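For reference, coords_27.txt (compact mmCIF, C-alpha atoms):
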```
# COMPACT_ATOMS: atom_id res chain seq x y z
CA MET K 52 -12.35 29.61 39.71
CA SER K 53 -15.13 27.24 38.73
CA THR K 54 -14.97 24.71 35.94
CA SER K 55 -17.38 26.80 33.89
CA ASP K 56 -14.85 29.67 33.96
CA GLN K 57 -12.13 27.46 32.55
CA GLN K 58 -12.11 27.13 28.83
CA ALA K 59 -10.65 24.33 26.78
CA PRO K 60 -7.55 25.36 24.89
CA PRO K 61 -8.34 26.47 21.36
CA ARG K 62 -7.91 23.84 18.70
CA ARG K 63 -4.75 24.16 16.70
CA LEU K 64 -3.97 23.04 13.23
CA ALA K 65 -2.00 19.78 13.43
CA MET K 66 0.51 20.37 10.66
CA PRO K 67 2.14 16.88 10.53
CA GLU K 68 -1.27 15.22 10.38
CA LEU K 69 -2.40 17.71 7.73
CA LEU K 70 0.66 16.88 5.63
CA ILE K 71 -0.15 13.16 5.88
CA GLY K 72 -3.72 13.83 4.72
CA ILE K 73 -2.52 16.00 1.83
CA GLY K 74 0.10 13.38 0.89
CA LEU K 75 -2.55 10.67 0.81
CA LEU K 76 -4.76 12.95 -1.29
CA ALA K 77 -1.86 13.39 -3.74
CA CYS K 78 -1.43 9.59 -3.86
CA ALA K 79 -5.14 9.20 -4.62
CA ALA K 80 -4.76 11.71 -7.45
CA ALA K 81 -1.76 9.75 -8.80
CA VAL K 82 -3.79 6.51 -8.68
CA ALA K 83 -6.62 8.22 -10.58
CA TRP K 84 -4.19 9.62 -13.17
CA GLN K 85 -2.52 6.25 -13.75
CA THR K 86 -5.83 4.39 -13.78
CA LEU K 87 -7.07 6.66 -16.54
CA ALA K 88 -4.03 5.55 -18.58
CA ILE K 89 -4.97 1.86 -18.39
CA PRO K 90 -6.28 0.72 -21.76
CA VAL K 91 -9.73 -0.81 -21.41
CA SER K 92 -11.00 -3.15 -24.07
CA PRO K 93 -14.63 -2.76 -25.11
CA LEU K 94 -14.92 -6.51 -24.50
CA TYR K 95 -15.13 -5.87 -20.75
CA SER K 96 -18.73 -5.47 -19.67
CA LYS K 97 -18.66 -4.02 -16.16
CA VAL K 98 -15.62 -5.45 -14.42
CA GLY K 99 -12.38 -4.57 -16.13
CA PRO K 100 -8.80 -3.79 -15.17
CA THR K 101 -9.70 -0.39 -13.73
CA VAL K 102 -12.28 -1.49 -11.15
CA PHE K 103 -9.86 -2.22 -8.31
CA PRO K 104 -7.67 0.84 -8.90
CA TYR K 105 -10.79 3.03 -8.83
CA LEU K 106 -11.97 1.34 -5.61
CA THR K 107 -8.52 1.91 -4.11
CA MET K 108 -8.51 5.53 -5.24
CA THR K 109 -11.95 6.10 -3.72
CA GLY K 110 -10.85 4.62 -0.39
CA MET K 111 -7.70 6.76 -0.41
CA LEU K 112 -9.74 9.85 -1.24
CA VAL K 113 -12.19 9.27 1.62
CA LEU K 114 -9.39 8.54 4.11
CA SER K 115 -7.38 11.58 3.03
CA LEU K 116 -10.39 13.86 3.49
CA LEU K 117 -11.08 12.37 6.93
CA LEU K 118 -7.43 12.88 7.89
CA ILE K 119 -7.47 16.48 6.69
CA VAL K 120 -10.66 17.23 8.66
CA ALA K 121 -9.14 15.61 11.77
CA ALA K 122 -5.96 17.68 11.32
CA LEU K 123 -7.99 20.89 11.02
CA ARG K 124 -9.70 19.96 14.31
CA GLY K 125 -6.42 19.55 16.14
CA GLY K 126 -5.18 16.17 14.98
CA TRP K 127 -5.84 12.59 15.93
CA GLN K 128 -2.72 11.92 17.99
CA PRO K 129 -2.98 12.07 21.78
CA GLU K 130 -0.62 14.65 23.30
CA GLU K 131 1.64 11.98 24.84
CA GLU K 132 2.19 10.41 21.39
CA LYS K 133 3.15 13.76 19.90
CA GLU K 134 6.12 13.84 22.28
CA THR K 135 7.41 10.42 21.14
CA PRO K 136 10.56 10.80 19.03
CA THR K 137 10.58 9.44 15.50
CA ASP K 138 12.33 6.09 15.08
CA TRP K 139 14.43 6.99 12.04
CA LYS K 140 15.98 3.52 11.78
CA ALA K 141 12.52 1.94 11.48
CA MET K 142 11.47 4.66 9.04
CA GLY K 143 14.61 3.91 7.02
CA PHE K 144 13.73 0.21 6.72
CA VAL K 145 10.20 1.04 5.59
CA ALA K 146 11.53 3.51 3.02
CA ALA K 147 14.19 1.00 1.91
CA GLY K 148 11.47 -1.59 1.36
CA LEU K 149 9.47 0.76 -0.84
CA VAL K 150 12.54 1.83 -2.83
CA ALA K 151 13.69 -1.80 -3.18
CA ASN K 152 10.31 -2.74 -4.62
CA LEU K 153 10.48 0.12 -7.10
CA LEU K 154 14.02 -0.78 -8.21
CA LEU K 155 13.67 -4.57 -8.22
CA ILE K 156 10.24 -5.13 -9.76
CA HIS K 157 11.57 -4.90 -13.33
CA PRO K 158 14.67 -7.10 -13.03
CA LEU K 159 13.29 -9.66 -10.53
CA GLY K 160 9.54 -9.55 -11.11
CA PHE K 161 6.59 -8.61 -8.92
CA THR K 162 6.77 -11.53 -6.50
CA ALA K 163 10.46 -11.36 -5.58
CA ALA K 164 10.40 -7.56 -5.30
CA SER K 165 7.26 -7.69 -3.16
CA VAL K 166 8.71 -10.31 -0.81
CA ILE K 167 11.85 -8.21 -0.28
CA MET K 168 9.71 -5.13 0.35
CA PHE K 169 7.46 -7.05 2.76
CA VAL K 170 10.40 -8.37 4.82
CA LEU K 171 12.04 -4.95 5.06
CA ILE K 172 8.82 -3.22 6.07
CA CYS K 173 8.00 -5.92 8.64
CA TYR K 174 11.50 -5.47 10.11
CA GLY K 175 10.94 -1.72 10.21
CA PHE K 176 7.75 -2.34 12.20
CA GLY K 177 9.66 -4.50 14.69
CA SER K 178 9.32 -8.05 13.38
CA LYS K 179 12.16 -10.40 14.33
CA HIS K 180 10.93 -13.29 12.13
CA PRO K 181 12.27 -12.70 8.59
CA LEU K 182 11.58 -16.26 7.38
CA ARG K 183 7.94 -16.10 8.51
CA ASP K 184 7.65 -12.63 6.97
CA ALA K 185 9.15 -13.88 3.69
CA LEU K 186 6.73 -16.81 3.55
CA LEU K 187 3.73 -14.59 4.30
CA GLY K 188 4.97 -12.01 1.77
CA LEU K 189 5.38 -14.77 -0.82
CA ILE K 190 1.81 -16.00 -0.29
CA LEU K 191 0.37 -12.47 -0.51
CA ALA K 192 2.50 -11.51 -3.52
CA LEU K 193 1.59 -14.68 -5.43
CA ALA K 194 -2.10 -14.17 -4.64
CA ALA K 195 -1.90 -10.57 -5.88
CA TYR K 196 0.11 -11.48 -8.97
CA PHE K 197 -2.13 -14.34 -10.08
CA GLY K 198 -5.23 -12.35 -9.18
CA PHE K 199 -4.15 -9.70 -11.64
CA ALA K 200 -2.48 -11.93 -14.23
CA ARG K 201 -4.97 -14.79 -14.42
CA ALA K 202 -8.23 -13.23 -13.24
CA LEU K 203 -7.91 -9.79 -14.82
CA GLY K 204 -5.35 -10.43 -17.55
CA VAL K 205 -3.11 -7.59 -16.34
CA ASN K 206 0.64 -8.22 -16.28
CA ILE K 207 2.06 -6.47 -13.22
CA GLY K 208 5.63 -7.66 -13.66
CA ALA K 209 6.39 -11.27 -14.41
CA GLY K 210 9.84 -12.43 -13.39
CA PHE K 211 11.56 -15.79 -12.93
CA ILE K 212 9.17 -17.02 -10.21
CA GLU K 213 6.05 -16.03 -12.10
CA ASN K 214 7.31 -17.49 -15.38
CA GLN K 215 8.14 -20.83 -13.74
CA LEU K 216 4.76 -21.01 -12.00
CA ASN K 217 2.95 -20.01 -15.20
CA SER K 218 4.73 -22.84 -17.03
CA VAL K 219 3.66 -25.34 -14.37
CA ILE K 220 0.08 -24.07 -14.39
CA ASP K 221 -0.07 -24.15 -18.20
CA ALA K 222 1.32 -27.71 -18.21
CA ILE K 223 -1.28 -28.84 -15.66
CA ILE K 224 -4.07 -27.19 -17.65
CA GLY K 225 -2.74 -28.79 -20.84
CA MET K 226 -2.69 -32.26 -19.23
CA ALA K 227 -6.22 -31.75 -17.89
CA ARG K 228 -7.50 -30.84 -21.36
CA GLY K 229 -5.57 -33.51 -23.25
```
Is it possible to express this structure as structure tokens?
Amino acid sequence: MSTSDQQAPPRRLAMPELLIGIGLLACAAAVAWQTLAIPVSPLYSKVGPTVFPYLTMTGMLVLSLLLIVAALRGGWQPEEEKETPTDWKAMGFVAAGLVANLLLIHPLGFTAASVIMFVLICYGFGSKHPLRDALLGLILALAAYFGFARALGVNIGAGFIENQLNSVIDAIIGMARG
């Protein structure tokens, strides 16, 4: 039998990959829905509080469509990866991080909840350096918080840490002006 007589196996629908693409598409729809609910003052000219959520939603939409197309073409995972068992313990830490963020953002504030989420997710991905992860999570969370709070004027969940830092920043600004 020659190589021209052999045919490649027909492409199959990769159901797990398709579900990931559809899930990401649903997340993009949720971002769009929630972004439409953000009140926008007519004082904003072009850049307002909805610019970054719309950019995020657009990126999620494009990625979800690419994932769905890849799944319809047989998936993106190599065959040997499809045989790898799911690490449920790692998946549990990632899920715990996301749930912890959801439950703790109101009582503790954005920064503390984000640091806890970051450490749990890093551990789920195999990190064995929780102090380094907490410090990196703190830097990223503070940058995100102050980017939204100070630059865009959007409160994404001030807690003890944010309130203390805001007091220090306001005092420094007050001394600089006076």
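Nearest residue to Gly125 in chain K, choosing from K:Val98, K:Ala88, K:Leu64, K:Leu182 and counting all atoms listed in the file: K:Leu64.
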Open item on the list: Under the rule that only C-alpha atoms are counted, which of K:Thr162, K:Ser92, K:Asn214, K:Asn206 is the nearest residue to Ala185 in chain K?
Closed with: K:Thr162
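CA of Cys78 in chain K to CA of Met111 in chain K spans 7.7 Å [interatomic distance, one decimal].
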As lines of an AutoDock Vina configuration file, what would the box around range 166-169 of chain K look like: edges along x, y and z, 5 Å added on every side, centre and edge lengths in Å to one decimal?
```
center_x = 9.7
center_y = -7.7
center_z = 1.0
size_x = 14.4
size_y = 15.2
size_z = 13.6
```
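Closest approach to Lys133 in chain K among K:Gly110, K:Pro90, K:Pro67, K:Gly148: K:Pro67, based on all atoms listed in the file.
Interatomic distance, CA of Thr109 in chain K to CA of Leu155 in chain K: 28.1 Å.
Here CA of Gly143 in chain K is placed at a distance of 14.5 Å from CA of Ser178 in chain K.
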Complete range 134-145 of chain K at the level of all heavy atoms, written as a compact mmCIF listing (two decimals), keeping the file's coordinate frame.
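Generated output (part-v4.txt):
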```
# COMPACT_ATOMS: atom_id res chain seq x y z
N GLU K 134 4.80 13.64 21.67
CA GLU K 134 6.12 13.84 22.28
C GLU K 134 7.07 12.68 22.00
O GLU K 134 8.24 12.77 22.31
CB GLU K 134 5.96 14.03 23.79
CG GLU K 134 5.04 15.17 24.18
CD GLU K 134 5.46 16.52 23.60
OE1 GLU K 134 6.67 16.80 23.55
OE2 GLU K 134 4.57 17.28 23.17
N THR K 135 6.58 11.58 21.42
CA THR K 135 7.41 10.42 21.14
C THR K 135 8.33 10.74 19.96
O THR K 135 7.87 11.17 18.91
CB THR K 135 6.53 9.20 20.80
OG1 THR K 135 5.63 8.97 21.87
CG2 THR K 135 7.38 7.97 20.56
N PRO K 136 9.64 10.50 20.14
CA PRO K 136 10.56 10.80 19.03
C PRO K 136 10.37 9.82 17.87
O PRO K 136 9.98 8.67 18.06
CB PRO K 136 11.95 10.65 19.66
CG PRO K 136 11.74 9.75 20.83
CD PRO K 136 10.34 9.98 21.32
N THR K 137 10.68 10.27 16.69
CA THR K 137 10.58 9.44 15.50
C THR K 137 11.69 8.40 15.50
O THR K 137 12.84 8.72 15.78
CB THR K 137 10.69 10.31 14.23
OG1 THR K 137 9.65 11.28 14.26
CG2 THR K 137 10.59 9.48 12.98
N ASP K 138 11.35 7.16 15.20
CA ASP K 138 12.33 6.09 15.08
C ASP K 138 12.83 6.09 13.64
O ASP K 138 12.24 5.46 12.75
CB ASP K 138 11.69 4.75 15.45
CG ASP K 138 12.68 3.60 15.44
OD1 ASP K 138 13.82 3.77 14.95
OD2 ASP K 138 12.31 2.52 15.91
N TRP K 139 13.92 6.81 13.40
CA TRP K 139 14.43 6.99 12.04
C TRP K 139 14.97 5.70 11.44
O TRP K 139 14.91 5.50 10.23
CB TRP K 139 15.47 8.10 12.00
CG TRP K 139 14.85 9.44 12.27
CD1 TRP K 139 14.96 10.18 13.41
CD2 TRP K 139 13.98 10.16 11.40
NE1 TRP K 139 14.20 11.33 13.30
CE2 TRP K 139 13.60 11.34 12.07
CE3 TRP K 139 13.47 9.93 10.13
CZ2 TRP K 139 12.74 12.28 11.51
CZ3 TRP K 139 12.63 10.86 9.56
CH2 TRP K 139 12.27 12.03 10.25
N LYS K 140 15.48 4.81 12.29
CA LYS K 140 15.98 3.52 11.78
C LYS K 140 14.80 2.72 11.21
O LYS K 140 14.90 2.18 10.11
CB LYS K 140 16.66 2.74 12.89
CG LYS K 140 17.20 1.40 12.45
CD LYS K 140 17.85 0.65 13.60
CE LYS K 140 18.26 -0.75 13.15
NZ LYS K 140 18.75 -1.56 14.26
N ALA K 141 13.71 2.66 11.96
CA ALA K 141 12.52 1.94 11.48
C ALA K 141 11.99 2.60 10.21
O ALA K 141 11.63 1.91 9.25
CB ALA K 141 11.45 1.91 12.56
N MET K 142 11.94 3.93 10.21
CA MET K 142 11.47 4.66 9.04
C MET K 142 12.37 4.37 7.84
O MET K 142 11.89 4.23 6.71
CB MET K 142 11.46 6.16 9.32
CG MET K 142 10.87 6.98 8.21
SD MET K 142 9.10 7.01 8.23
CE MET K 142 8.83 8.19 9.50
N GLY K 143 13.66 4.23 8.08
CA GLY K 143 14.61 3.91 7.02
C GLY K 143 14.36 2.54 6.41
O GLY K 143 14.44 2.38 5.19
N PHE K 144 14.03 1.54 7.25
CA PHE K 144 13.73 0.21 6.72
C PHE K 144 12.45 0.20 5.90
O PHE K 144 12.36 -0.46 4.86
CB PHE K 144 13.66 -0.83 7.84
CG PHE K 144 15.01 -1.40 8.20
CD1 PHE K 144 15.71 -0.91 9.28
CD2 PHE K 144 15.57 -2.40 7.43
CE1 PHE K 144 16.96 -1.41 9.59
CE2 PHE K 144 16.82 -2.90 7.73
CZ PHE K 144 17.53 -2.41 8.82
N VAL K 145 11.45 0.95 6.36
CA VAL K 145 10.20 1.04 5.59
C VAL K 145 10.47 1.71 4.24
O VAL K 145 10.04 1.22 3.19
CB VAL K 145 9.11 1.78 6.39
CG1 VAL K 145 7.90 2.09 5.53
CG2 VAL K 145 8.71 0.97 7.62
```
